[in-house]
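Raw contents of upload-v6.txt, compact mmCIF, C-alpha atoms:
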# COMPACT_ATOMS: atom_id res chain seq x y z
CA MET D 126 55.24 103.59 86.13
CA SER D 127 53.98 106.33 88.50
CA LEU D 128 56.22 109.10 89.77
CA MET D 129 56.35 107.52 93.26
CA GLN D 130 57.18 104.08 91.86
CA GLY D 131 59.97 105.59 89.78
CA LEU D 132 61.33 107.44 92.82
CA LYS D 133 61.21 104.24 94.90
CA GLN D 134 63.12 102.30 92.23
CA GLU D 135 65.73 105.04 91.97
CA LEU D 136 66.19 105.07 95.75
CA MET D 137 66.58 101.28 95.85
CA THR D 138 69.23 101.44 93.13
CA THR D 139 71.09 104.30 94.81
CA LEU D 140 71.05 102.70 98.26
CA ARG D 141 71.65 99.19 96.88
CA VAL D 142 68.85 97.70 98.98
CA GLN D 143 65.99 95.34 98.18
CA ASP D 144 63.19 97.61 99.36
CA VAL D 145 62.45 101.08 100.73
CA ARG D 146 59.40 102.48 102.46
CA LEU D 147 58.36 106.05 101.69
CA HIS D 148 55.46 107.35 103.73
CA ARG D 149 54.03 110.58 105.10
CA GLN D 150 54.04 111.21 108.85
CA ASP D 151 53.21 114.40 110.73
CA GLY D 152 53.15 116.33 107.48
CA ARG D 153 56.62 115.15 106.44
CA TRP D 154 57.86 112.46 104.11
CA ARG D 155 59.88 109.70 105.81
CA LEU D 156 62.20 107.25 104.09
CA GLU D 157 62.98 103.91 105.73
CA TRP D 158 65.18 101.07 104.54
CA GLN D 159 67.04 98.09 105.92
CA ARG D 160 70.78 98.72 105.69
CA PRO D 161 72.43 95.60 104.27
CA SER D 162 74.85 93.70 106.44
CA ALA D 163 78.34 93.05 105.16
CA PRO D 164 78.28 90.47 102.34
CA ALA D 165 79.50 86.98 103.08
CA GLY D 166 83.24 86.56 102.68
CA LEU D 167 84.90 84.67 99.86
CA SER D 168 88.32 83.12 100.34
CA LEU D 169 90.97 83.62 97.68
CA LEU D 170 91.61 79.93 97.00
CA THR D 171 87.88 79.26 96.68
CA LEU D 172 87.67 81.86 93.92
CA LEU D 173 90.91 80.80 92.21
CA ASN D 174 89.80 77.16 92.16
CA ASP D 175 86.79 78.19 90.07
CA LEU D 176 88.86 80.16 87.55
CA PRO D 177 91.10 79.12 84.67
CA SER D 178 94.75 80.05 84.90
CA LEU D 179 95.13 83.79 85.25
CA PRO D 180 97.13 85.78 82.68
CA PRO D 181 100.51 87.21 83.76
CA LEU D 182 100.38 90.07 86.28
CA THR D 183 96.67 89.58 86.85
CA ALA D 184 95.22 89.37 90.36
CA ALA D 185 91.83 88.15 91.53
CA LEU D 186 90.05 90.89 93.48
CA GLY D 187 86.71 89.29 94.22
CA GLN D 188 83.28 88.44 92.87
CA ALA D 189 80.85 90.93 91.37
CA ASP D 190 77.18 91.18 92.28
CA ASP D 191 76.34 89.17 89.15
CA GLY D 192 78.68 86.34 90.17
CA GLN D 193 81.45 87.19 87.71
CA PRO D 194 85.07 87.36 88.93
CA VAL D 195 86.66 90.80 89.21
CA LEU D 196 90.27 90.78 87.99
CA LEU D 197 93.04 93.36 87.97
CA ASP D 198 95.32 93.21 84.92
CA LEU D 199 98.36 95.36 85.66
CA ARG D 200 99.51 95.08 82.03
CA SER D 201 96.48 97.00 80.73
CA ASP D 202 96.43 100.71 79.97
CA PRO D 203 93.54 101.56 82.32
CA SER D 204 95.14 99.86 85.34
CA PRO D 205 98.96 99.69 85.39
CA HIS D 206 98.68 100.85 89.03
CA LEU D 207 95.85 100.72 91.57
CA LEU D 208 94.56 102.90 94.41
CA VAL D 209 92.49 101.20 97.13
CA ALA D 210 90.63 103.72 99.30
CA GLY D 211 88.27 103.41 102.22
CA GLY D 212 87.70 104.16 105.85
CA PRO D 213 88.23 101.94 108.90
CA ALA D 214 87.00 98.34 108.47
CA ALA D 215 86.59 98.80 104.70
CA GLY D 216 88.88 95.82 104.06
CA LYS D 217 91.83 97.55 102.37
CA THR D 218 94.66 95.57 103.99
CA THR D 219 92.72 92.34 103.50
CA LEU D 220 92.43 93.09 99.78
CA LEU D 221 96.14 93.98 99.47
CA ARG D 222 97.05 90.64 101.07
CA ALA D 223 94.80 88.83 98.58
CA ILE D 224 96.31 90.72 95.63
CA ALA D 225 99.84 89.80 96.73
CA LEU D 226 99.10 86.10 97.23
CA SER D 227 97.03 85.90 94.04
CA LEU D 228 99.90 87.37 92.01
CA ALA D 229 102.44 85.08 93.67
CA LEU D 230 100.39 81.97 92.92
CA SER D 231 99.93 82.96 89.27
CA ASN D 232 103.44 84.18 88.40
CA PRO D 233 106.82 82.45 88.78
CA GLN D 234 109.43 84.14 90.91
CA ALA D 235 111.61 84.69 87.84
CA GLN D 236 108.88 86.90 86.36
CA LEU D 237 107.60 88.65 89.48
CA GLN D 238 109.12 90.28 92.55
CA MET D 239 107.34 92.24 95.24
CA LEU D 240 107.90 94.81 97.96
CA LEU D 241 105.46 95.28 100.85
CA LEU D 242 105.35 98.63 102.69
CA GLU D 243 103.05 98.55 105.68
CA LEU D 244 102.92 102.20 106.67
CA ALA D 245 99.59 101.90 108.47
CA GLY D 246 101.52 100.17 111.25
CA VAL D 247 103.48 103.31 112.17
CA ARG D 248 100.51 104.68 114.12
CA GLY D 249 101.03 102.03 116.80
CA PRO D 250 99.58 98.63 117.78
CA ALA D 251 96.11 100.03 118.40
CA ALA D 252 95.90 101.11 114.76
CA ARG D 253 96.55 97.59 113.49
CA ARG D 254 93.97 94.90 114.13
CA GLY D 255 93.68 91.65 112.26
CA PRO D 256 95.88 90.25 109.49
CA ALA D 257 98.77 92.33 108.18
CA LEU D 258 101.07 92.33 105.16
CA ALA D 259 103.91 91.01 107.33
CA ASP D 260 102.04 87.69 107.43
CA LEU D 261 103.21 87.27 103.81
CA ASN D 262 106.92 87.43 104.65
CA ASP D 263 107.45 83.81 103.60
CA LEU D 264 106.44 84.49 100.00
CA PRO D 265 109.45 83.60 97.83
CA HIS D 266 108.73 86.57 95.55
CA LEU D 267 109.60 89.21 98.16
CA LEU D 268 112.71 91.33 97.72
CA ALA D 269 112.68 91.99 101.47
CA PRO D 270 110.45 91.33 104.49
CA ALA D 271 107.49 93.69 104.86
CA ILE D 272 108.73 97.20 105.67
CA SER D 273 107.06 99.31 108.38
CA ASP D 274 109.90 101.68 109.30
CA PRO D 275 109.35 105.02 107.50
CA SER D 276 113.06 105.57 106.77
CA GLU D 277 113.36 102.07 105.31
CA ALA D 278 110.25 102.75 103.26
CA MET D 279 111.92 105.81 101.76
CA GLU D 280 115.00 103.74 100.95
CA ALA D 281 112.72 101.29 99.14
CA LEU D 282 111.25 104.15 97.08
CA ARG D 283 114.73 105.41 96.20
CA PHE D 284 115.66 101.89 95.10
CA LEU D 285 112.60 101.72 92.84
CA VAL D 286 113.35 105.10 91.24
CA SER D 287 116.96 104.03 90.65
CA GLU D 288 115.86 100.67 89.26
CA MET D 289 113.40 102.41 86.95
CA ALA D 290 116.15 104.65 85.56
CA TYR D 291 118.45 101.65 85.05
CA ARG D 292 115.76 99.69 83.23
CA ARG D 293 114.96 102.62 80.97
CA GLU D 294 118.63 102.87 80.00
CA GLN D 295 118.96 99.12 79.42
CA ASN D 296 115.50 98.65 77.86
CA LEU D 297 114.51 96.05 80.49
CA THR D 298 110.99 95.16 81.62
CA THR D 299 111.41 91.93 83.61
CA PRO D 300 111.06 90.72 86.22
CA ALA D 301 108.05 92.81 87.12
CA ILE D 302 108.31 94.56 90.49
CA ILE D 303 104.98 95.17 92.22
CA THR D 304 105.07 97.35 95.32
CA LEU D 305 102.11 97.31 97.68
CA ILE D 306 101.93 100.25 100.11
CA ASP D 307 99.36 100.08 102.89
CA ASP D 308 98.27 103.64 103.70
CA VAL D 309 100.47 105.61 101.36
CA ALA D 310 99.70 108.97 103.02
CA ASP D 311 101.86 107.90 105.97
CA LEU D 312 104.93 108.21 103.75
CA TRP D 313 104.76 112.00 103.84
CA PRO D 314 105.73 112.62 107.51
CA ALA D 315 109.02 110.79 106.89
CA GLY D 316 109.63 111.54 103.21
CA GLY D 317 107.86 114.83 102.59
CA GLU D 318 108.22 116.21 99.08
CA GLU D 319 110.70 113.49 98.14
CA ALA D 320 108.06 110.84 98.75
CA GLY D 321 105.58 112.61 96.50
CA GLN D 322 108.13 113.11 93.73
CA ALA D 323 109.27 109.48 93.85
CA LEU D 324 105.71 108.16 93.69
CA SER D 325 104.80 110.52 90.86
CA GLN D 326 107.81 109.39 88.82
CA LEU D 327 106.98 105.73 89.41
CA LEU D 328 103.32 106.23 88.53
CA GLN D 329 104.18 108.10 85.34
CA ARG D 330 107.02 105.96 83.98
CA GLY D 331 107.30 102.80 86.06
CA ALA D 332 104.79 100.59 84.27
CA ALA D 333 106.66 100.92 80.96
CA VAL D 334 109.60 99.08 82.55
CA GLY D 335 107.61 96.61 84.62
CA ILE D 336 107.30 98.52 87.91
CA HIS D 337 103.75 98.75 89.29
CA LEU D 338 102.26 100.28 92.44
CA VAL D 339 99.25 99.09 94.44
CA LEU D 340 98.48 101.78 97.03
CA SER D 341 95.91 102.05 99.79
CA THR D 342 94.71 105.06 101.75
CA SER D 343 92.26 105.57 104.57
CA ARG D 344 92.30 109.32 103.90
CA PRO D 345 91.29 109.88 100.26
CA THR D 346 90.75 113.59 100.93
CA ALA D 347 94.23 114.11 102.45
CA ALA D 348 96.00 117.17 101.05
CA VAL D 349 99.10 115.15 100.15
CA LEU D 350 97.03 113.08 97.73
CA GLY D 351 96.45 116.02 95.45
CA HIS D 352 94.70 116.25 92.11
CA THR D 353 97.85 115.64 90.06
CA PHE D 354 98.66 112.53 92.07
CA LYS D 355 95.16 111.11 91.66
CA THR D 356 95.08 111.68 87.91
CA LEU D 357 97.92 109.15 87.69
CA LEU D 358 95.72 106.51 89.34
CA PRO D 359 92.62 106.08 87.16
CA ALA D 360 92.11 102.51 88.42
CA ARG D 361 90.44 102.60 91.83
CA VAL D 362 88.88 100.22 94.30
CA VAL D 363 86.78 102.03 96.89
CA GLY D 364 85.42 100.61 100.14
CA ARG D 365 83.11 102.17 102.67
CA VAL D 366 83.79 105.89 103.17
CA ALA D 367 82.30 108.49 105.48
CA ASP D 368 80.22 110.56 103.08
CA ALA D 369 79.49 111.53 99.49
CA ARG D 370 82.46 113.93 99.36
CA GLU D 371 84.93 111.17 100.26
CA ALA D 372 83.18 108.81 97.85
CA ARG D 373 83.59 111.33 95.01
CA THR D 374 87.26 111.98 95.85
CA ALA D 375 88.15 108.31 96.31
CA SER D 376 86.42 107.06 93.18
CA GLY D 377 86.93 110.02 90.85
CA ARG D 378 83.22 109.76 90.00
CA LEU D 379 80.19 111.80 90.97
CA HIS D 380 77.89 108.90 91.80
CA SER D 381 79.88 105.85 92.92
CA GLN D 382 77.59 105.43 95.99
CA ALA D 383 80.64 104.31 98.00
CA GLU D 384 79.18 106.02 101.07
CA PHE D 385 76.50 103.30 101.11
CA LEU D 386 78.87 100.32 100.98
CA ALA D 387 78.64 97.87 103.88
CA GLY D 388 82.36 97.61 104.73
CA LYS D 389 84.33 94.43 105.37
CA GLY D 390 85.24 93.85 101.73
CA ASP D 391 82.19 95.40 100.08
CA PHE D 392 83.85 97.39 97.27
CA ALA D 393 83.26 99.40 94.12
CA ALA D 394 85.87 99.03 91.37
CA ILE D 395 86.53 101.66 88.75
CA LEU D 396 88.55 99.94 86.01
CA GLY D 397 88.54 101.85 82.75
CA ASP D 398 85.00 103.03 82.04
CA LYS D 399 83.40 100.34 84.18
CA LEU D 400 81.99 100.69 87.68
CA VAL D 401 81.56 97.28 89.30
CA TYR D 402 80.36 96.47 92.80
CA PHE D 403 81.97 93.37 94.25
CA GLN D 404 82.81 91.39 97.36
CA GLY D 405 86.57 91.30 97.88
CA VAL D 406 88.33 88.03 98.55
CA PHE D 407 90.28 87.41 101.74
CA VAL D 408 93.26 85.23 102.58
CA SER D 409 92.20 82.72 105.22
CA ASP D 410 94.73 80.92 107.42
CA HIS D 411 94.18 77.86 105.23
CA ASP D 412 94.72 79.89 102.05
CA LEU D 413 97.99 81.30 103.36
CA ALA D 414 99.35 77.96 104.58
CA ALA D 415 98.29 76.09 101.44
CA GLY D 416 99.55 78.85 99.15
CA LEU D 417 102.97 79.03 100.80
CA GLN D 418 103.29 75.25 100.80
CA HIS D 419 102.48 75.13 97.08
CA LEU D 420 104.91 77.93 96.24
CA HIS D 421 107.85 76.45 98.14
CA ARG D 422 107.16 72.91 96.93
CA HIS D 423 107.20 74.03 93.29
CA ARG D 424 109.92 76.63 93.65
CA LYS D 425 112.66 76.23 91.08
CA ASN D 426 116.24 75.98 92.26
CA VAL D 427 118.13 79.26 92.25
CA LEU D 428 121.61 79.12 90.77
CA VAL D 429 124.20 80.70 93.01
CA ALA D 430 127.73 81.35 91.82
CA GLY D 431 130.39 79.64 93.90
CA VAL D 432 133.42 81.40 95.33
CA LEU D 433 136.55 80.90 93.26
CA THR D 434 139.50 79.50 95.24
Could you spell out this file's structure in structure tokens?
Amino acid sequence: MSLMQGLKQELMTTLRVQDVRLHRQDGRWRLEWQRPSAPAGLSLLTLLNDLPSLPPLTAALGQADDGQPVLLDLRSDPSPHLLVAGGPAAGKTTLLRAIALSLALSNPQAQLQMLLLELAGVRGPAARRGPALADLNDLPHLLAPAISDPSEAMEALRFLVSEMAYRREQNLTTPAIITLIDDVADLWPAGGEEAGQALSQLLQRGAAVGIHLVLSTSRPTAAVLGHTFKTLLPARVVGRVADAREARTASGRLHSQAEFLAGKGDFAAILGDKLVYFQGVFVSDHDLAAGLQHLHRHRKNVLVAGVLT
């Protein structure tokens, strides 16, 4: 293979495109390529229908470029928690919704409970377009409706820290509590240092007692998401970001190529030592309605103690 052929192949791999054109014009080399459009979407139920039953605490994230499903196993050492990073229109909230519904459909309420913190909504209606976590409020697994108020979000974090301490004392691990926080950096204006300390404690010791965090951020280079914080989140899913610096910070890798992703659910997953490019699943209106109907139809009766008279 000639030097130019090798360079062309390397550029195609780096840019994740089918072809590039390298030619000389006016004494300068010019590189041209067709930027790929966003990959076709894949609904959650479509993917789940093609899979065997998922193991406990395992969510379907999407489909890799080779057609294989991409799964998140929160029981595994590399990924007891997850950070989803990306800029506007990367598909972060869409993926969090899919993770929540996927977990709910695969785990009984007695084994799984969830909290949803939708901090991205605090920037006002203009900042929120499209589906939101609050659309999942009818999930029977929720400990409370989706939380968008910053002070209530801090109360939820304090509850989790207290619950973690109680479980450690009592040697309890069930039911699992999975907390999804959409744009975690928005906790800091309300919670400040307390927010960072609570999250650090939960990331360090929560998984051992069944408490897991799934966090998203649109600002991977934000100062509040410092080096120590990021070392506690080795499992990452990265969507389209602005440049190579953000790609490196978001992924924790030098060459994730996240700056070349197409957006709208086009992701790179870093799970353990693997880097996998995949198309994230989304929760369609049909998926949500069918999923909720299935969950409530098969929901086991909850025993409630009567009042003694």
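Taking atom CA of Glu384 of chain D and atom CA of Lys217 of chain D as endpoints, the distance between them is 15.3 Å.
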Segment 153-238 of chain D residues near segment 296-309 of chain D within 10 Å, closest pair each, using all atoms listed in the file, as JSON lines:
{"residue": "D:Pro181", "atom": "CA", "partner": "D:Ala301", "partner_atom": "CA", "distance": 10.0}
{"residue": "D:Leu182", "atom": "CA", "partner": "D:Ala301", "partner_atom": "CA", "distance": 8.2}
{"residue": "D:Leu199", "atom": "CA", "partner": "D:Ile303", "partner_atom": "CA", "distance": 9.3}
{"residue": "D:His206", "atom": "CA", "partner": "D:Ile303", "partner_atom": "CA", "distance": 9.1}
{"residue": "D:Leu207", "atom": "CA", "partner": "D:Leu305", "partner_atom": "CA", "distance": 9.4}
{"residue": "D:Leu208", "atom": "CA", "partner": "D:Val309", "partner_atom": "CA", "distance": 9.5}
{"residue": "D:Val209", "atom": "CA", "partner": "D:Asp307", "partner_atom": "CA", "distance": 9.0}
{"residue": "D:Ala210", "atom": "CA", "partner": "D:Asp308", "partner_atom": "CA", "distance": 8.8}
{"residue": "D:Lys217", "atom": "CA", "partner": "D:Asp307", "partner_atom": "CA", "distance": 8.0}
{"residue": "D:Thr218", "atom": "CA", "partner": "D:Asp307", "partner_atom": "CA", "distance": 6.6}
{"residue": "D:Leu221", "atom": "CA", "partner": "D:Leu305", "partner_atom": "CA", "distance": 7.1}
{"residue": "D:Arg222", "atom": "CA", "partner": "D:Leu305", "partner_atom": "CA", "distance": 9.0}
{"residue": "D:Ile224", "atom": "CA", "partner": "D:Leu305", "partner_atom": "CA", "distance": 9.0}
{"residue": "D:Ala225", "atom": "CA", "partner": "D:Leu305", "partner_atom": "CA", "distance": 7.9}
{"residue": "D:Leu228", "atom": "CA", "partner": "D:Ile303", "partner_atom": "CA", "distance": 9.3}
{"residue": "D:Asn232", "atom": "CA", "partner": "D:Ala301", "partner_atom": "CA", "distance": 9.9}
{"residue": "D:Pro233", "atom": "CA", "partner": "D:Pro300", "partner_atom": "CA", "distance": 9.6}
{"residue": "D:Gln234", "atom": "CA", "partner": "D:Pro300", "partner_atom": "CA", "distance": 8.2}
{"residue": "D:Ala235", "atom": "CA", "partner": "D:Pro300", "partner_atom": "CA", "distance": 6.3}
{"residue": "D:Gln236", "atom": "CA", "partner": "D:Pro300", "partner_atom": "CA", "distance": 4.4}
{"residue": "D:Leu237", "atom": "CA", "partner": "D:Ala301", "partner_atom": "CA", "distance": 4.8}
{"residue": "D:Gln238", "atom": "CA", "partner": "D:Ile302", "partner_atom": "CA", "distance": 4.8}
- Item | Spatial neighbours of Ser168 of chain D, 7 Å, all atoms listed in the file, chain gap at least 4 places, as number ranges by chain | D: 172, 406-409
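The interatomic distance for the pair atom CA of Arg424 of chain D and atom CA of Glu243 of chain D works out to 25.9 Å.
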- Message: As an exercise, work out the distance from atom CA of Leu357 of chain D to atom CA of Ser343 of chain D in Å and give it to one decimal place.
- Response: 18.2 Å
Long-range neighbours of Leu285 of chain D as an mmCIF file with C-alpha atoms, keeping the file's coordinate frame, 12 Å cut-off, all atoms listed in the file, 2 positions minimum in chain:
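What follows is the written file selection_21.cif:
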data_model
loop_
_atom_site.group_PDB
_atom_site.id
_atom_site.type_symbol
_atom_site.label_atom_id
_atom_site.label_comp_id
_atom_site.auth_asym_id
_atom_site.auth_seq_id
_atom_site.Cartn_x
_atom_site.Cartn_y
_atom_site.Cartn_z
ATOM 1 C CA GLN D 238 109.120 90.280 92.550
ATOM 2 C CA MET D 239 107.340 92.240 95.240
ATOM 3 C CA LEU D 240 107.900 94.810 97.960
ATOM 4 C CA LEU D 268 112.710 91.330 97.720
ATOM 5 C CA ALA D 278 110.250 102.750 103.260
ATOM 6 C CA MET D 279 111.920 105.810 101.760
ATOM 7 C CA GLU D 280 115.000 103.740 100.950
ATOM 8 C CA ALA D 281 112.720 101.290 99.140
ATOM 9 C CA LEU D 282 111.250 104.150 97.080
ATOM 10 C CA ARG D 283 114.730 105.410 96.200
ATOM 11 C CA SER D 287 116.960 104.030 90.650
ATOM 12 C CA GLU D 288 115.860 100.670 89.260
ATOM 13 C CA MET D 289 113.400 102.410 86.950
ATOM 14 C CA ALA D 290 116.150 104.650 85.560
ATOM 15 C CA TYR D 291 118.450 101.650 85.050
ATOM 16 C CA ARG D 292 115.760 99.690 83.230
ATOM 17 C CA ALA D 301 108.050 92.810 87.120
ATOM 18 C CA ILE D 302 108.310 94.560 90.490
ATOM 19 C CA ILE D 303 104.980 95.170 92.220
ATOM 20 C CA THR D 304 105.070 97.350 95.320
ATOM 21 C CA ALA D 320 108.060 110.840 98.750
ATOM 22 C CA ALA D 323 109.270 109.480 93.850
ATOM 23 C CA LEU D 324 105.710 108.160 93.690
ATOM 24 C CA SER D 325 104.800 110.520 90.860
ATOM 25 C CA GLN D 326 107.810 109.390 88.820
ATOM 26 C CA LEU D 327 106.980 105.730 89.410
ATOM 27 C CA LEU D 328 103.320 106.230 88.530
ATOM 28 C CA ARG D 330 107.020 105.960 83.980
ATOM 29 C CA GLY D 331 107.300 102.800 86.060
ATOM 30 C CA ALA D 332 104.790 100.590 84.270
ATOM 31 C CA VAL D 334 109.600 99.080 82.550
ATOM 32 C CA GLY D 335 107.610 96.610 84.620
ATOM 33 C CA ILE D 336 107.300 98.520 87.910
ATOM 34 C CA HIS D 337 103.750 98.750 89.290
ATOM 35 C CA LEU D 338 102.260 100.280 92.440
#
- D:Asp263, D:Pro359, D:Asp190, D:Leu242 ranked by distance to Leu396 of chain D, top pick (using only C-alpha atoms):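 Smallest separation from Leu396 of chain D among the options: D:Pro359.
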- Minimum-distance residue to Ala347 of chain D, chosen among D:Gln322, D:Thr374, D:Gln193, D:Gln382 (using only C-alpha atoms):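 Looking only at the distances to Ala347 of chain D, the closest residue turns out to be D:Thr374.
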- Within 12 Å of Asp175 of chain D, counting only C-alpha atoms, which residues qualify if same-chain residues fewer than 3 places away don't, as a PyMOL selection string? chain D and resi 167-172+178-179+185+187-188+192-194
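Nearest to Gly364 of chain D of all the residues D:Gln404, D:Thr183, D:Ser276, D:Thr346 is D:Gln404, counting all atoms listed in the file.
You can rank D:Gly317, D:Lys399, D:Leu413, D:Ala333 by their closest distance to Arg293 of chain D using all atoms listed in the file, and at the top of that list sits D:Ala333.
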- Message: From the options D:Ala360, D:Ile272, D:Ala367, D:Leu420, which residue's atoms come nearest to Asp398 of chain D, counting all atoms listed in the file?
- Response: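 Nearest to Asp398 of chain D: D:Ala360.
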